[in-house]
Every structure is written in C-alpha cells, then in structure tokens.
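Colleague: Quick one: this structure, given as structure tokens, is what I'll be asking you about.
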Amino acid sequence: MNHLYWLSQIQALEQSLVGEEVFILSQLLQQDYPIIPGFVVSNTLFRKFLANIDDSRFLVSNVANSSLHLDIDDYQVLQSIAHNSRQAIAETELLEQWQEEIVTAAQQLNSQNLILRPCFFPNHYPQRHSTSLWNSQTCFCDLQALTLTIKKVWSQLFSAKSLLYWFKLNLPLEEINCNVLIQPLENAIASGILELKPTTLLIQSTWGLPDSLERGAVEPDTYLLDRTTGKILQQKLGQKTRAYRLQSNQDSRIDCIESYFLTEFESETYSLTSDYLTELVNLVGRLIKKRPEIRYLEWTLSNRNSNTTFSPQFFWTRLNYFSAFSFDEVNASPVVLYPKDISLRDPLGRRTTFDQDISTLETSIKPLLTGLGVSPGKTTANILVNDQLSIEPASINNPCILVTKEIAPTQVALSPKIWGIIAETGGMTSHAAIIARELGIPAIVNAKCATSILKTGDLVMLDGDRGEVHHAQVHDQPVQEQSPTMLQSVTITEPLATRIMVNLSHIRAIERSQNLPIDGVGLLRGELLLLELLASKSLDQWLSVSSKREFLDHLTQLIRQFVVAFHPRPVFYRSVDWHSSQFNYSQALKLNPIVGDRGTYHHMLDSTLLDLELEAIAIIQQEGYGNINLILPFVRSVKEFTFCRERVNNFALDQTASFQLWIMAEVPSVVFLLPEYIQAGLQGILIGANDLTQLILGVDREHSDFSRLGLNVNHPAVLDSIFQLSQTAKKHHLPCAIAIHNPIEYPNFIDKLIEWDISIISVESEAVIPTYQAIARSEKRLLLNIMRNNNNIKSF
C-alpha cells in the first residue's frame with residue numbers, strides 16, 4: 001500500500017483513504033484553483049509505525065486490533081495514558097526507508113520550510129473532522145526536523161483532549177484515520193479564516209502567518225460582507241501586537257517560525273485592504289460555483305509565485321463542509337461549534353449517535369463565563385463564592401477557585417489552596433492581578449455576574465489564557481496546569497546594553513525568577529511583601545511594644561531572602577506604600593488607593609514603620625550584603641523626600657558604598673521638579689508606569705475598559721512625561737528606570753525606551769523573556785540606524 005499521496009494526483013478511489021478535505025483540496029489543485037501543492041503521509045504508515053512501538057508504557061499501542069479500553073471517567077488515568085503514549089511515540093524511531101521516502105518527497109517541494117497539517121477523521125465519515133482540536137506544526141526541511149515533527153503531529157491523536165473527544169463520540173481509535181498533509185511554507189502578508197453564511201461572508205484576518213490566530217495571540221480584524229454584492233456591512237479593527245514569520249536566522253533546529261512585534265502603523269491598520277477583500281470575495285464566488293457545500297475556509301495572502309504572477313496571491317489552505325466557528329456578528333470571539341443539521345448515517349443507512357453526542361460536546365465546549373485573562377494558566381477545582389471579601393485564608397481547607405466581586409491582594413497571596421480567581425471587576429495592572437501572575441495562579445476579571453452565575457461547590461475549569469470558565473465533568477479531579485511561559489527554559493546569549501530586571505512581591509516567586517536572564521530585582525513591593533504578616537495581626541498589634549521586635553525579625557527575614565537569592569545582583573526594595581497604619585486583613589480593599597495619605601506623606605505622619613524597614617536594611621547590610629537599595633514610594637514633594645533621606649542617614653545606610661536612594665517617579669509633579677530632587681540628594685528614579693498613567697489620564701487601573709480606549713501607558717501624554725523624565729535624568733547623569741508589567745503589549749514602546757536611554761526596564765517575571773528579545777531587537781535597530789546616519793545610507 002502507498003505510504004504517500006501527492007496532492008496533485010489523488011484520484012476518486014483514494015478519497016476514503018485521504019479524507020474529504022484533502023480530496024477536495026486535491027481536486028481544486030488539479031483544476032487550477034489557488035491551492036498550495038504538497039503530499040500526504042498516509043494512515044497506513046502511521047499504523048505500521050504504531051505496530052513497531054515496543055514499550056510497556058504505550059497503553060494504546062494495541063489500537064489496531066481493537067484491544068483499547070479506556071476509563072475516561074478517571075481523569076488521572078486518562079492523563080497518564082495520554083502522557084505515556086505520546087512519550088512512547090516521541091522515543092520510537094521511524095524506519096530508515098520511511099524517513100528516506102518522506103524526506104525525498106519533501107525535497108521535491110523546493111522549500112526550506114514546511115507546514116504539517118493533521119487530517120484526522122473517522123473511517124466511515126471522511127467528511128467529518130475538526131480544524132480546532134489539533135494544531136498544524138512547522139519545521140525545516142531536513143531529516144531530523146521532519147521526522148520529529150511528523151511524530152509530534154501523530155502524538156496529538158493521543159492527547160487527553162483528543163482521547164476524550166473520540167471516546168465520547170463512541171469512536172474507537174482504530175477507526176480514526178491519521179493522515180498528515182505536508183506543504184511548503186512561505187511568509188504571508190496576511191492570513192485568516194472565512195465563514196460563508198446564507199447571505200453574508202464573515203472574514204477574520206491578521207498580519208503574517210496564521211499561527212497568531214491559532215495560538216490566540218491576537219484579536220483579528222473582522223469584516224462582515226454582503227455575499228452577493230461584496231459590500232462591507234460592518235468591520236472591526238482587531239488588537240494586533242504581534243505576528244509570526246519564517247525565522248530570519250535558524251535559531252531553532254526544528255521549528256522554522258518566530259514571533260515578532262508589529263509596528264504601531266501595522267497594529268492600527270486593517271490587514272486587508274478593500275481591494276484584497278474584493279479579490280477574496282471573487283475567489284470565494286468562483287470556488288462556491290464548483291463546491292457549493294463548503295462553509296468554512298482558511299486562507300493566506302503571500303508572495304508565493306504562481307504559474308502566472310509573482311504578485312501577492314490568496315491561497316486556500318483548509319476547508320470544511322460546515323462552520324468551524326460561531327460568531328455574534330463582528331463583536332464576539334469564535335467558539336468551536338459542530339452544527340446538528342448535518343445528518344450522518346452508517347454504511348447501512350442507519351442514523352448514528354455521532355450528531356447527538358456532538359450537541360453534548362458543544363455544550364461542554366461553550367464557556368460558562370468569559371472575562372479578561374490577567375494571569376495565564378489552567379486549573380480545575382470547585383468554586384468558592386465570596387462576594388463580601390470576608391473569608392479568612394485559614395478557613396480554606398480544599399483547593400478552590402475563588403469567585404468574588406473584586407480581588408483583594410491578600411486573598412491571592414495568603415492561601416495556597418486558592419488555585420484560581422474569578423472577579424467581576426478589575427484590570428490587568430491591579431495589584432491582585434500582579435500577584436496572581438507572579439505566583440502562577442490563573443485569574444480572570446471583568447467576568448460579569450460571576451458571583452450570581454457560579455455557585456459554591458460547582459466544578460469548573462478556569463482558563464486564564466483565554467479568559468474563560470468552562471464546566472468540568474463531575475469525575476474530574478482538582479488539577480493545576482502552570483502557564484508554559486513561566487516554565488519554559490530559554491537560553492539567552494545576546495548581551496544587552498539596557499539592563500532588564502524583575503518586579504516581585506512574594507517569596508514564593510523567588511524560585512520562578514531566580515534563573516531568568518535578569519540583572520536584579522527592579523521593584524520589590526514592601527506592602528505586598530507584608531501581606532502574610534498582616535493576615536494574623538493588624539499593623540498596630542505588630543508595632544506594639546511586645547511584638548515590635550518579632551515584627552522586625554520577620555521583616556528582615558522576608559527582605560533577606562530576596563537579597564540572598566539574587567546576590568550580587570541589586571535588589572531595589574520599595575518601602576511600604578499604603579494609606580493607613582490601621583491596615584489589616586479585613587481592610588484589604590483600602591490598599592494603595594490612587595490618592596490619600598499614602599507614600600512618603602504617610603512616612604512623615606508616622607515614621608515608625610519606615611524606621612523598622614530601614615533598620616531591617618541596616619541589619620542585612622551588616623551581614624555583608626551590599627546589593628540592597630531603597631526606593632521611596634509616591635513622593636509628592638521635595639520636603640517629603642528630604643525627611644526620608646534624613647532618616648536613611650540616621651541608620652547610616654549610605655555608609656555602604658553601593659547603596660542608592662531612589663524615588664518612584666509616578667506623581668506628575670516629579671516631571672517638573674526632578675532637578676530639585678536631584679539637588680536634594682536623589683540618586684535615581686524608577687518610573688511607575690501604572691500610577692503615572694492613572695494620574696496623568698485620570699483613569700483607574702482596576703478598570704480595563706480605559707486601556708482598551710487607548711488610555712494607557714502608550715498614550716501621547718504619558719509618553720511625553722516619560723520622555724521628559726528620561727531626558728532630565730540623562731542631563732544630570734542620573735539612573736532612570738521604568739517598572740511596567742509587560743511593555744511588549746504596546747507597539748514600539750520598547751523602541752522608545754531604548755531611544756530615550758532608559759537604563760533599566762523592570763517587568764513581571766512572565767514578561768522577562770519576550771522583553772529581553774524585544775530589547776535585543778530594538779538595540780540592533782538603533783545601532784543600525786546610527787551606522788546608516790553616520791554613513792548617509794538611506795533606509796528603504
């Protein structure tokens with residue numbers, strides 16, 4: 001039997017072997033429709049490969065002889081089987097003759113880069129498959145990369161999600177055809193999907209290769225067009241900050257694509273012009289005349305040469321008989337949908353249970369709630385509704401997902417039993433969201449009516465990446481899945497002129513951040529560091545005569561752990577920033593308001609706590625650690641700074657040569673008074689992007705709607721303030737740093753910081769790697785521009 005089928009040569013008798021989608025693509029290619037050529041690695045070879053696996057862990061190795069019986073009601077068993085099966089596939093070599101056959105065919109595609117598309121379908125239903133359960137993979141066209149990637153595609157059949165899908169549809173795995181379509185991969189100008197409705201066409205598009213859509217990295221541009229006239233009825237500009245392209249340098253031996261950040265112009269421009277939309281509509285019209293049953297298409301727009309032209313051209317890459325997505329016009333996100341109006345029958349004409357089970361799956365796939373994901377990761381646990389913020393962490397005995405009106409930082413940090421958070425309000429830069437990300441706790445905010453819809457005891461799966469809450473099966477066990485961005489191992493070898501540091505708040509985050517490519521801790525928030533202490537006693541109780549020494553010991557130990565862990569890299573500790581000495585656990589919502597008697601003003605009102613912080617730093621210095629520095633929070637006046645500097649001198653902290661006293665530059669008056677602060681003895685500034693944005697634009701960090709309207713750190717008024725601070729600091733040879741949760745979210749923001757000579761960029765731990773890469777690219781561009789200017793070379 002054939003192991004490979006060329007897309008340009010598939011015949012009608014081979015339709016059941018390759019599946020309906022591949023067969024139609026083949027027929028269209030043979031009729032000169034814009035289809036990228038390629039070949040199919042057949043299910044026959046896949047089954048032979050499985051038969052060669054000799055591994056006791058491979059518990060589904062006998063699928064070919066129908067001996068597989070899974071207990072899908074046991075979540076842990078299902079996960080174990082999936083893991084062991086995929087591991088066995090990865091460790092088993094393809095026969096040399098198979099490898100040679102595949103690589104020889106791939107070389108005939110005349111491309112250094114390949115895309116491998118999974119084509120899985122049941123034997124009796126070649127037209128029924130999903131484009132959303134399994135992902136395409138990319139690789140270089142060489143023996144090692146290609147064989148590894150083929151096995152990676154095959155292993156998707158044995159993921160826990162895939163096993164659950166097929167078994168809930170009563171389809172044994174021996175009835176599933178596992179084909180892989182291999183095609184050349186070229187860079188794309190844009191890519192997207194198209195859904196045919198009875199009277200309209202719904203198009204989604206984004207810049208670059210389709211991976212940004214598949215990975216949920218962007219909100220695409222959306223167009224609703226009249227199917228007859230092609231007139232645009234509605235359109236919505238997406239939120240596009242990144243795209244994917246072929247690697248400019250072969251940094252990876254396997255994957256051939258890389259992500260990059262779009263320019264500000266690209267982010268704010270539709271990825272399809274009206275001319276391209278017209279061309280796409282005409283192509284659809286031509287296609288539907290030949291195949292009127294098609295309802296869903298995936299496409300790319302690239303410069304790949306055809307027989308007649310080298311100009312940009314559309315290519316169809318995937319298709320389906322039914323809509324793979326359901327949209328609420330142009331405002332909703334796509335939801336996987338398998339419609340019930342397609343009646344399937346077995347070879348004897350009997351109606352199958354396939355469609356009936358699909359409706360059940362559809363219910364389980366549609367989210368219960370959606371919101372803004374502020375901390376990535378997935379977790380499954382029972383709901384605990386706490387709409388009054390009155391619960392004490394010690395009362396939580398079992399893993400739970402906390403549902404509340406708004407998140408208090410204390411709730412996030414204090415109980416290891418809180419595995420996830422769902423809040424009705426809040427924003428990406430709220431303190432609770434910051435701590436959740438730091439600790440790897442999945443969290444979503446802006447989940448409307450969450451405390452009413454969800455009930456204590458409900459078992460749900462929280463997806464912090466997508467901002468969704470789903471039903472979980474009653475047999476599922478509580479499980480945590482940490483975000484891969486926090487756990488990935490990345491080797492960084494490129495040196496930077498700009499220093500990158502990390503923002504931290506909790507000792508549990510030390511291990512996560514210690515080995516990242518950072519130059520130190522740029523912001524250690526004192527008030528959040530003390531949350532655990534204040535859960536048991538109020539600050540007044542701690543500062544009483546009987547408890548003050550114990551409090552100092554605890555505080556010193558907390559700070560010491562960071563100083564020791566990152567030594568000799570610098571740690572910038574920010575003194576406690578809150579507005580009331582009466583702060584305790586039950587008053588968590590009063591933490592860090594936009595205004596009030598907070599910051600250094602509060603230090604002047606009562607310096608007791610500040611003095612204890614200074615004494616703790618002095619103790620650590622005396623132990624031989626010279627990498628601890630102090631940042632003063634929310635400084636409104638030079639008078640406040642002078643008061644605090646004098647207290648610093650009282651504890652002789654400045655006697656350590658490396659010690660520096662900085663302030664947070666977050667009150668707008670600092671923009672104008674910075675020279676006076678420098679004259680008073682200031683040694684550096686850390687621009688607090690969140691509070692500076694709030695106070696300049698009059699917005700609340702707890703409400704994400706403001707940011708969506710452009711009222712964020714990338715606003716011209718905020719950028720101008722950052723620019724003025726950086727240039728004043730540069731003029732006086734003063735270190736200038738900025739603390740921001742994730743600067744790469746904003747187009748060209750890193751470029752501006754580098755251009756303005758910001759010396760330190762301090763970000764959350766999850767943003768370190770992409771920020772590092774963005775800084776490296778920006779510094780290269782800056783150097784290149786300088787060289788061009790020096791040599792009078794024009795940039796095209």
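The way I read the labels, and the way they are meant: chains A, B, ... in the order of the structure tokens, residue 1 as the first residue of every chain, and ligand 1 as the first ligand shown, with later ones counted on from there.
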Show me, as a CSV table (one decimal) with all heavy atoms, in the first residue's frame, the residues that have an atom within 10 Å of Leu612 of chain A when counting only C-alpha atoms, minus same-chain residues fewer than 3 positions from it.
Modeller:
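Resulting contents of around-v1.csv:
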chain,number,residue,atom,x,y,z
A,543,LEU,N,3.2,46.5,65.9
A,543,LEU,CA,4.1,47.6,66.3
A,543,LEU,C,4.0,47.9,67.8
A,543,LEU,O,4.6,48.9,68.3
A,543,LEU,CB,3.7,48.9,65.5
A,543,LEU,CG,4.0,48.8,64.0
A,543,LEU,CD1,3.7,50.1,63.3
A,543,LEU,CD2,5.3,48.3,63.7
A,548,LYS,N,7.0,44.3,68.5
A,548,LYS,CA,7.8,45.1,67.5
A,548,LYS,C,9.0,44.3,67.2
A,548,LYS,O,9.4,44.2,66.0
A,548,LYS,CB,8.1,46.4,68.1
A,548,LYS,CG,8.9,47.3,67.1
A,548,LYS,CD,9.3,48.7,67.6
A,548,LYS,CE,8.0,49.5,67.9
A,548,LYS,NZ,8.4,50.9,68.3
A,549,ARG,N,9.8,43.7,68.1
A,549,ARG,CA,11.0,43.0,67.8
A,549,ARG,C,10.7,41.8,66.9
A,549,ARG,O,11.5,41.5,66.0
A,549,ARG,CB,11.7,42.6,69.1
A,549,ARG,CG,12.9,41.7,68.9
A,549,ARG,CD,13.9,42.2,68.0
A,549,ARG,NE,14.4,43.5,68.3
A,549,ARG,CZ,15.3,44.2,67.6
A,549,ARG,NH1,15.8,43.7,66.5
A,549,ARG,NH2,15.7,45.4,68.0
A,551,PHE,N,8.2,41.5,64.8
A,551,PHE,CA,7.9,42.0,63.5
A,551,PHE,C,9.2,42.4,62.7
A,551,PHE,O,9.3,42.1,61.6
A,551,PHE,CB,7.0,43.3,63.7
A,551,PHE,CG,6.7,44.0,62.3
A,551,PHE,CD1,5.7,43.5,61.6
A,551,PHE,CD2,7.4,45.1,61.9
A,551,PHE,CE1,5.4,44.1,60.3
A,551,PHE,CE2,7.1,45.7,60.7
A,551,PHE,CZ,6.1,45.2,59.9
A,552,LEU,N,10.1,43.0,63.4
A,552,LEU,CA,11.4,43.4,62.8
A,552,LEU,C,12.1,42.1,62.3
A,552,LEU,O,12.7,42.1,61.2
A,552,LEU,CB,12.3,44.2,63.7
A,552,LEU,CG,13.7,44.5,63.2
A,552,LEU,CD1,13.6,45.4,61.9
A,552,LEU,CD2,14.5,45.2,64.3
A,553,ASP,N,12.1,41.1,63.1
A,553,ASP,CA,12.8,39.8,62.7
A,553,ASP,C,12.1,39.2,61.4
A,553,ASP,O,12.8,38.8,60.5
A,553,ASP,CB,12.7,38.8,63.8
A,553,ASP,CG,13.6,39.2,65.0
A,553,ASP,OD1,14.5,40.0,64.8
A,553,ASP,OD2,13.3,38.7,66.1
A,555,LEU,N,10.3,40.9,59.2
A,555,LEU,CA,10.5,41.8,58.1
A,555,LEU,C,11.9,41.6,57.5
A,555,LEU,O,12.1,41.5,56.3
A,555,LEU,CB,10.3,43.2,58.5
A,555,LEU,CG,10.6,44.3,57.4
A,555,LEU,CD1,9.7,44.1,56.2
A,555,LEU,CD2,10.4,45.7,58.0
A,556,THR,N,12.9,41.5,58.4
A,556,THR,CA,14.3,41.3,58.0
A,556,THR,C,14.4,40.0,57.2
A,556,THR,O,15.1,40.0,56.2
A,556,THR,CB,15.2,41.4,59.2
A,556,THR,OG1,15.0,42.6,59.9
A,556,THR,CG2,16.7,41.2,58.8
A,607,SER,N,6.6,57.7,61.2
A,607,SER,CA,7.7,57.1,60.6
A,607,SER,C,8.1,55.8,61.3
A,607,SER,O,9.1,55.2,61.0
A,607,SER,CB,8.9,58.0,60.7
A,607,SER,OG,9.3,58.3,62.1
A,608,THR,N,7.2,55.3,62.2
A,608,THR,CA,7.5,54.0,62.9
A,608,THR,C,7.8,52.9,62.0
A,608,THR,O,8.8,52.2,62.1
A,608,THR,CB,6.3,53.7,63.8
A,608,THR,OG1,6.0,54.8,64.7
A,608,THR,CG2,6.7,52.4,64.7
A,609,LEU,N,6.9,52.6,61.0
A,609,LEU,CA,7.1,51.5,60.1
A,609,LEU,C,8.4,51.7,59.2
A,609,LEU,O,9.2,50.8,58.9
A,609,LEU,CB,5.9,51.3,59.2
A,609,LEU,CG,5.9,50.1,58.2
A,609,LEU,CD1,6.3,48.8,58.9
A,609,LEU,CD2,4.6,50.0,57.5
A,615,GLU,N,15.9,49.8,59.6
A,615,GLU,CA,16.6,49.0,60.5
A,615,GLU,C,16.9,47.6,59.9
A,615,GLU,O,18.0,47.0,60.0
A,615,GLU,CB,16.0,48.9,61.8
A,615,GLU,CG,16.8,48.2,62.9
A,615,GLU,CD,16.2,48.2,64.3
A,615,GLU,OE1,15.1,48.9,64.4
A,615,GLU,OE2,16.7,47.5,65.2
A,616,ALA,N,15.8,47.1,59.2
A,616,ALA,CA,16.0,45.7,58.6
A,616,ALA,C,17.0,45.8,57.5
A,616,ALA,O,17.9,44.9,57.4
A,616,ALA,CB,14.6,45.3,58.0
A,617,ILE,N,17.0,46.9,56.7
A,617,ILE,CA,18.0,47.0,55.6
A,617,ILE,C,19.4,47.1,56.2
A,617,ILE,O,20.4,46.5,55.8
A,617,ILE,CB,17.7,48.2,54.8
A,617,ILE,CG1,16.4,48.0,54.0
A,617,ILE,CG2,18.9,48.5,53.8
A,617,ILE,CD1,15.9,49.2,53.2
A,618,ALA,N,19.5,47.9,57.4
A,618,ALA,CA,20.8,48.0,58.0
A,618,ALA,C,21.4,46.7,58.5
A,618,ALA,O,22.6,46.4,58.4
A,618,ALA,CB,20.7,49.0,59.2
Colleague: Residues within 6 Å of Glu666 of chain A, please, as a PyMOL selection string. Count only C-alpha atoms; anything in the same chain fewer than 3 positions from it doesn't count.
Modeller: chain A and resi 687-688+691-692
Colleague: Just to confirm, what's the straight-line distance from atom CA of Trp166 of chain A to atom CA of Phe121 of chain A in Å (one decimal)?
Modeller: 10.0 Å
Colleague: Measuring between only C-alpha atoms, which one of A:Ser762, A:Asn282, A:Ser212, A:Ser546 shows the shortest distance to Gly520 of chain A?
Modeller: A:Ser762
Colleague: Which residues, written as a list of chain:residue names, have at least one atom at most 8 Å from segment 729-738 of chain A, with only C-alpha atoms counted and residues fewer than 5 positions away on the same chain left out?
Modeller: A:Leu674, A:Gln683, A:Gly684, A:Ile685, A:Leu686, A:Ile687, A:Gly688, A:Ala689, A:Asp757, A:Ile758, A:Ser759, A:Ile760, A:Ile761, A:Ser762
Colleague: Generate the output file for the selected residues, all heavy atoms, as a compact mmCIF listing (two decimals), in the first residue's frame.
Modeller:
# COMPACT_ATOMS: atom_id res chain seq x y z
N LEU A 674 12.04 67.37 39.04
CA LEU A 674 13.13 66.42 39.18
C LEU A 674 14.48 67.08 39.48
O LEU A 674 15.23 66.58 40.33
CB LEU A 674 13.22 65.54 37.93
CG LEU A 674 14.27 64.41 37.97
CD1 LEU A 674 14.07 63.52 39.17
CD2 LEU A 674 14.22 63.59 36.67
N GLN A 683 19.37 59.83 44.01
CA GLN A 683 20.38 59.07 43.29
C GLN A 683 19.83 58.26 42.13
O GLN A 683 20.59 57.61 41.41
CB GLN A 683 21.11 58.14 44.27
CG GLN A 683 21.90 58.88 45.34
CD GLN A 683 22.48 57.94 46.38
OE1 GLN A 683 21.72 57.34 47.14
NE2 GLN A 683 23.79 57.81 46.40
N GLY A 684 18.52 58.25 41.94
CA GLY A 684 17.93 57.53 40.82
C GLY A 684 16.42 57.58 40.86
O GLY A 684 15.83 57.86 41.92
N ILE A 685 15.78 57.30 39.73
CA ILE A 685 14.31 57.29 39.68
C ILE A 685 13.84 56.00 39.02
O ILE A 685 14.48 55.46 38.12
CB ILE A 685 13.72 58.50 38.91
CG1 ILE A 685 14.23 58.53 37.46
CG2 ILE A 685 14.01 59.79 39.63
CD1 ILE A 685 13.52 59.57 36.60
N LEU A 686 12.72 55.49 39.51
CA LEU A 686 12.02 54.37 38.90
C LEU A 686 10.65 54.89 38.49
O LEU A 686 9.82 55.21 39.36
CB LEU A 686 11.89 53.20 39.87
CG LEU A 686 11.12 51.98 39.35
CD1 LEU A 686 11.84 51.35 38.16
CD2 LEU A 686 10.91 50.94 40.45
N ILE A 687 10.43 55.00 37.20
CA ILE A 687 9.15 55.49 36.71
C ILE A 687 8.10 54.41 36.93
O ILE A 687 8.21 53.30 36.42
CB ILE A 687 9.24 55.84 35.21
CG1 ILE A 687 10.29 56.93 34.97
CG2 ILE A 687 7.88 56.29 34.68
CD1 ILE A 687 10.59 57.18 33.50
N GLY A 688 7.08 54.73 37.73
CA GLY A 688 5.99 53.80 37.97
C GLY A 688 4.93 53.98 36.91
O GLY A 688 4.09 54.87 37.01
N ALA A 689 4.97 53.14 35.88
CA ALA A 689 4.11 53.33 34.72
C ALA A 689 2.63 53.29 35.08
O ALA A 689 1.83 54.06 34.53
CB ALA A 689 4.42 52.27 33.66
N ASP A 757 17.20 56.26 26.15
CA ASP A 757 18.27 55.89 27.09
C ASP A 757 17.74 55.53 28.48
O ASP A 757 18.39 55.83 29.50
CB ASP A 757 19.31 57.00 27.21
CG ASP A 757 20.22 57.07 26.00
OD1 ASP A 757 20.41 56.02 25.36
OD2 ASP A 757 20.73 58.15 25.70
N ILE A 758 16.59 54.89 28.55
CA ILE A 758 16.15 54.32 29.82
C ILE A 758 17.14 53.22 30.18
O ILE A 758 17.37 52.30 29.40
CB ILE A 758 14.73 53.74 29.70
CG1 ILE A 758 13.72 54.84 29.34
CG2 ILE A 758 14.32 53.04 30.99
CD1 ILE A 758 13.44 55.83 30.41
N SER A 759 17.75 53.29 31.36
CA SER A 759 18.85 52.39 31.68
C SER A 759 18.40 51.03 32.18
O SER A 759 19.11 50.03 32.02
CB SER A 759 19.77 53.04 32.72
OG SER A 759 19.03 53.44 33.87
N ILE A 760 17.21 50.96 32.82
CA ILE A 760 16.70 49.71 33.37
C ILE A 760 15.22 49.58 33.02
O ILE A 760 14.45 50.53 33.21
CB ILE A 760 16.87 49.63 34.90
CG1 ILE A 760 18.34 49.70 35.30
CG2 ILE A 760 16.24 48.36 35.46
CD1 ILE A 760 18.56 49.83 36.80
N ILE A 761 14.82 48.42 32.54
CA ILE A 761 13.41 48.12 32.32
C ILE A 761 13.07 46.95 33.23
O ILE A 761 13.64 45.86 33.10
CB ILE A 761 13.12 47.77 30.86
CG1 ILE A 761 13.49 48.95 29.95
CG2 ILE A 761 11.65 47.39 30.67
CD1 ILE A 761 13.33 48.65 28.46
N SER A 762 12.17 47.17 34.18
CA SER A 762 11.81 46.15 35.16
C SER A 762 10.38 45.67 34.89
O SER A 762 9.45 46.48 34.85
CB SER A 762 11.91 46.71 36.59
OG SER A 762 11.82 45.67 37.54
Colleague: Quick one: everything within 10 Å of Ile150 of chain A, counting only C-alpha atoms, minus sequence neighbours fewer than 4 positions away in the same chain. Send it as number ranges by chain.
Modeller: A: 41, 46, 90, 94, 102, 116-118, 137-139, 145-146, 154-155, 179-182
Colleague: Which one of A:Tyr33, A:Lys231, A:Leu202, A:Arg574 sits closest to Phe315 of chain A if you count only C-alpha atoms?
Modeller: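 Of A:Tyr33, A:Lys231, A:Leu202, A:Arg574, the one nearest Phe315 of chain A, counting only C-alpha atoms, is A:Tyr33.
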Colleague: Would you please give, as an MDAnalysis selection string, all residues of segment 171-286 of chain A that DSSP assigns to strand (DSSP E) based on the backbone?
Modeller: chainID A and resid 176:184 188:196 200:207 221:226 232:236 242:246 257:261
Colleague: Smallest atom-to-atom distance to Ser513 of chain A: which of A:Val374, A:Leu711, A:Ala767, A:Leu614, using only C-alpha atoms?
Modeller: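 Checking each of A:Val374, A:Leu711, A:Ala767, A:Leu614 against Ser513 of chain A, counting only C-alpha atoms, the winner is A:Ala767.
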Colleague: Using Å and a single decimal, report how far atom CA of Trp578 of chain A sits from atom CA of Gly681 of chain A.
Modeller: 24.3 Å
